[in-house]
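Data first, discussion second: the structure below is written as structure tokens.
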There are 2 protein chains.
Amino acid sequence: MSRIAYVNGRYVPLREAEVSIQDRGFQFGDGVYEVCEIRDRQIIDEDRHLARLARSLGALRIVWPVEEAALRRILREVVALNRVRDGLIYLQITRGVARRDFAFPAEAPKASLVVTAKGTNPAINAAHAAAGVKVITVAETRWAHPHIKSLQLLPSVLAKQAAREAGAFEAWFVDADGFVTEGASSNAWIVTADGAIVTRHADETILRGVTRTTLLDAVRGQGLCFEERPFTPSEAYGAKEAFNSSATTIAMPVVEIDGRPIGDGAPGPLVKALRAAFHTLAQRS
Amino acid sequence: MSRIAYVNGRYVPLREAEVSIQDRGFQFGDGVYEVCEIRDRQIIDEDRHLARLARSLGALRIVWPVEEAALRRILREVVALNRVRDGLIYLQITRGVARRDFAFPAEAPKASLVVTAKGTNPAINAAHAAAGVKVITVAETRWAHPHIKSLQLLPSVLAKQAAREAGAFEAWFVDADGFVTEGASSNAWIVTADGAIVTRHADETILRGVTRTTLLDAVRGQGLCFEERPFTPSEAYGAKEAFNSSATTIAMPVVEIDGRPIGDGAPGPLVKALRAAFHTLAQRS
């Protein structure tokens, strides 16, 4: 079956899904996006994703292209039309189409809205999680506001490509002070020698991951010790466990960083427990 | 007359000019661009723009969508089809269309190529140059590689918007060390009290402007004293003259920075001389 996309009011086959070359998303990266997991045909943590979307749009002063309730209906329709049981839904909103000029158009155009969905094979993610994945560290090169989930993604593209070429699954950015900020498309976590779960505090240098937030609920629910603070690659090399979190991968065990095995080189018990607990805590639409 | 755009092999009316929602330019800002002046139906400094385009594409490992000679023919055709006598030509190349994934597609898609042209009214630029323009300074927020002319332009969008809301024409970014890097869409210049023309050296923190390069030819040709080095807003406040350079504005006198008048508050003699000399030095296609 050909896939169906929603584009500015119409449901169209993906191969015909197009936007203007004057869309400010295409010319300036002037837009935001969200990726949500679909599980058993339900959208996971939809409320938190839409709350973050509202924050991203607000930060860039982009007006919602449709009411939030209408967006929720569109998300459901795209999942249904594509008959996705397990997979991902992707939504992108840009400032819209205007004659090219850096500043916001004097008369705000209608924001562009694109939604797609695709099935994924849960067995692939499960296999990665069972084996654990490798991470490399790279210099932080992103703009000053990664807390906005914007389309300024070229640094993440280049970091992911560097990871792939190094035989790794993800790249962690390291800032000028020597601390890990986050992964190219995930938040970064470690478990210290004394069992504390550590992830960077959510300032403007990282995206406040929805999966990160739900995992922190799990951490609290299980009475585990945790600290929101920066950590260095050196501390990570010596950690008992490490993992990434994202809507795409949930909690993904990291077994090697920059060629150094983490813990005993196999997925640790804490990340396995958190991964197992995630879907008991996450909200289903 | 409706305007005509070139999009991936076809010349189409601008309102029908579209790209896939899976174009990596739209989803990741994974692409580069150039803007050239058109004057008397000729493309100004085309060789230097194409040389920079080659550097930008090389830095991102994007393969030219067409041979350079073919691109030159397309540029001419777009100028001719739009009957532009004086104006701007815009070209954008992205990594192409692929299933959404951060890393480069395993099989490189054909890069996307978009070219548009539009007439501009030289009298508007001339009026700005005669009166001089205002500049504000803003914190540098861009990614680490502004020397690549990429689509990572949201920081420039926000800076230009801040300038507009402050009643200014341009915003100059100031880095963490307190030095001006460049304008949101221009290079930044000052003339010191002892008559030296100063603009930042072209490292990875700024775009090596084509107009900047040609103006440096003019500076050398006129035997003027110049220094390629960083300067602070404070030094700029006390400068005899200040100006911006870009293909869109050539050398544009700055008469006020952060509300402080520069020199006697009117366009200075050096920038006027450089502006007058520019088109005698720039290459015509």
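Naming scheme: A, B, ... for chains in displayed order of the structure tokens; residues 1 onward per chain; ligands 1 onward as shown.
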Ile38 (chain B) surroundings by only C-alpha atoms, 9 Å radius, close-in-sequence under 3 positions cut, as an NGL selection string: :B and (41-44 or 79 or 84-89 or 117 or 119)
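For Gly223 (chain A), the set of protein, DNA and RNA residues having any atom at most 12 Å away, when counting only C-alpha atoms and skipping those fewer than 2 positions along the same chain, is Gly195, Ala196, Ile197, Leu216, Asp217, Ala218, Val219, Arg220, Gly221, Cys225, Phe226 and Leu274 of chain A.
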Determine the nearest neighbour of Gly9 (chain B) from the options B:Ser112, B:Gln27, B:Asn125, B:Gln92, counting only C-alpha atoms.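 Using only C-alpha atoms, Gly9 (chain B) sits closest to B:Ser112.
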Would you kindly report the residues of chain B within 8 Å of chain A, using only C-alpha atoms, as a JSON list (two decimals) with C-alpha atoms, in the first residue's frame?
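Writing the result to part.json gives the following:
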```json
[["chain", "number", "residue", "atom", "x", "y", "z"],
["B", 15, "ARG", "CA", 3.15, 29.08, -7.59],
["B", 16, "GLU", "CA", 3.49, 25.50, -8.84],
["B", 17, "ALA", "CA", 7.14, 25.18, -7.81],
["B", 18, "GLU", "CA", 7.24, 22.46, -5.18],
["B", 19, "VAL", "CA", 9.53, 19.93, -3.59],
["B", 20, "SER", "CA", 8.80, 16.72, -1.73],
["B", 21, "ILE", "CA", 8.01, 16.92, 1.96],
["B", 25, "GLY", "CA", 16.25, 20.58, 2.89],
["B", 26, "PHE", "CA", 12.72, 20.73, 4.30],
["B", 27, "GLN", "CA", 13.23, 18.15, 7.05],
["B", 28, "PHE", "CA", 16.80, 18.84, 8.20],
["B", 29, "GLY", "CA", 18.02, 22.08, 6.60],
["B", 30, "ASP", "CA", 20.46, 19.73, 4.86],
["B", 102, "PHE", "CA", 19.45, 11.72, 10.18],
["B", 103, "ALA", "CA", 22.53, 10.13, 8.62],
["B", 104, "PHE", "CA", 23.19, 10.53, 4.90],
["B", 114, "VAL", "CA", 16.01, 25.11, -7.14],
["B", 141, "THR", "CA", 23.52, 31.88, 18.52],
["B", 142, "ARG", "CA", 24.44, 30.11, 15.30],
["B", 143, "TRP", "CA", 25.93, 26.66, 14.83],
["B", 144, "ALA", "CA", 29.70, 26.21, 14.75],
["B", 145, "HIS", "CA", 30.13, 26.44, 10.97],
["B", 151, "LEU", "CA", 20.22, 26.41, 5.38],
["B", 152, "GLN", "CA", 20.83, 26.61, 9.15],
["B", 153, "LEU", "CA", 19.26, 30.06, 9.08],
["B", 154, "LEU", "CA", 16.83, 30.25, 11.98],
["B", 155, "PRO", "CA", 19.30, 32.26, 14.14],
["B", 156, "SER", "CA", 19.56, 34.79, 11.30],
["B", 157, "VAL", "CA", 15.77, 34.84, 10.96],
["B", 158, "LEU", "CA", 15.40, 35.66, 14.66],
["B", 159, "ALA", "CA", 18.20, 38.24, 14.56],
["B", 160, "LYS", "CA", 16.69, 40.01, 11.53],
["B", 161, "GLN", "CA", 13.31, 40.01, 13.23],
["B", 164, "ARG", "CA", 13.21, 44.98, 12.46]]
```
Considering only C-alpha atoms, state which residue in the set B:Ile190, B:Arg275, B:Lys118, B:Glu204 is at the smallest distance from Asn82 (chain B).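 Ranking B:Ile190, B:Arg275, B:Lys118, B:Glu204 by distance to Asn82 (chain B), first place goes to B:Lys118.
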Can you list, as a count of residues only, every residue of region 40-163 of chain A that DSSP puts in alpha helix (DSSP H)? 49
